[in-house]
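> Let me begin by handing over the structure; questions about it come next.
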Amino acid sequence: MGIMTYDGIQVRFDDRTLAHLQVIVLKKFRNQESFIVSWRNTDTSGDGRSTVWMTPSFPAHFHIEKPAHKLDPEWLTALQRSADSAAGLVVRDAGGEVVLGEQMSPQLPKG
């Protein structure tokens with residue numbers, strides 16, 4: 001499991017998903033583009049869905065525990081299309097299912 005850190009928020013994703021997410025985020029930042037990123041929360045991080053406005057003004061950090069994953073070009077294309085849409089990047093797996101992200105800090109308020 002890897003961790004994406006952005007503006008004090010840490011979210012844990014599986015390594016393969018995070019490797020693909022990293023490519024899309026860094027590409028958007030290189031192009032000086034801000035965008036929305038959303039994922040489904042695990043039960044331990046408040047259930048529901050989280051959304052973050054990402055801008056190149058703040059640094060993003062990616063820690064991938066086991067980085068030896070081959071990138072899937074079709075998955076990258078699907079994630080890029082999502083990132084370019086009005087709804088923003090919805091983190092999905094290679095099969096198109098919304099991915100669970102475990103928010104480590106800060107915890108979201110419940111209710």
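Here's how to read the names in the structure tokens: chain A, B, ... by the order shown, residue numbers from 1 in each chain, ligand numbers from 1 in the order shown.
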Counting only C-alpha atoms, which residues of segment 78-107 of chain A fall within 9 Å of segment 49-72 of chain A, and what is the closest atom pair for each with its distance in Å at one decimal, ordered by chain and rising number, as CSV?

residue,atom,partner,partner_atom,distance
A:Val90,CA,A:Thr51,CA,8.8
A:Ala94,CA,A:Asp72,CA,8.0
A:Leu100,CA,A:Arg49,CA,9.0
A:Gly101,CA,A:Ser50,CA,8.7
A:Gln103,CA,A:Ser50,CA,8.8
> Which value, in Å to one decimal, gives the distance between atom CA of Ile9 of chain A and atom CA of Ile36 of chain A?
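A separation of 14.3 Å between them.
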> Mind the document's chain letters and residue numbers, and return as a list in words the residues of segment 1-78 of chain A that DSSP labels strand (DSSP E).
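Answer for segment 1-78 of chain A, restricted to strand (DSSP E): Gly2, Ile3, Met4, Thr5, Tyr6, Ile9, Gln10, Val11, Arg12, Phe13, Phe35, Ile36, Val37, Ser38, Trp39, Arg40, Asn41, Arg49, Ser50, Thr51, Val52, Trp53, Met54, Ala60, His61, Phe62 and His63 of chain A.
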> Show which residues sit within 9 Å of Ile24 of chain A, as a VMD selection string. Count only C-alpha atoms, and ignore same-chain residues fewer than 4 positions away.
chain A and resid 20 28 to 29 76 79 to 80 83
> Save the residues we just selected, N, CA and C atoms, as a CSV table (one decimal), in the first residue's frame?

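Resulting contents of selection17.csv:
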chain,number,residue,atom,x,y,z
A,20,HIS,N,-0.3,4.7,-11.1
A,20,HIS,CA,-1.1,5.3,-12.2
A,20,HIS,C,-1.6,6.7,-11.8
A,28,LYS,N,-0.7,16.7,-14.9
A,28,LYS,CA,-1.5,17.9,-14.7
A,28,LYS,C,-0.7,19.1,-14.1
A,29,PHE,N,0.1,18.8,-13.1
A,29,PHE,CA,0.9,19.8,-12.5
A,29,PHE,C,1.9,20.4,-13.4
A,76,LEU,N,-4.3,4.4,-17.9
A,76,LEU,CA,-3.8,5.8,-17.9
A,76,LEU,C,-4.7,6.7,-18.7
A,79,LEU,N,-8.0,7.3,-16.9
A,79,LEU,CA,-7.8,8.3,-15.8
A,79,LEU,C,-7.6,9.7,-16.3
A,80,GLN,N,-6.8,9.8,-17.4
A,80,GLN,CA,-6.6,11.2,-17.9
A,80,GLN,C,-7.9,11.8,-18.4
A,83,ALA,N,-9.7,13.0,-15.4
A,83,ALA,CA,-9.1,14.2,-14.9
A,83,ALA,C,-9.4,15.4,-15.7
> I need the residues of chain A that end up classed as alpha helix (DSSP H) by DSSP on the backbone, written out as a list in words.
Asp15, Arg16, Thr17, Leu18, Ala19, His20, Leu21, Gln22, Val23, Ile24, Val25, Leu26, Lys27, Lys28, Phe29, Arg30, Pro73, Glu74, Trp75, Leu76, Thr77, Ala78, Leu79, Gln80, Arg81, Ser82, Ala83 and Asp84 of chain A
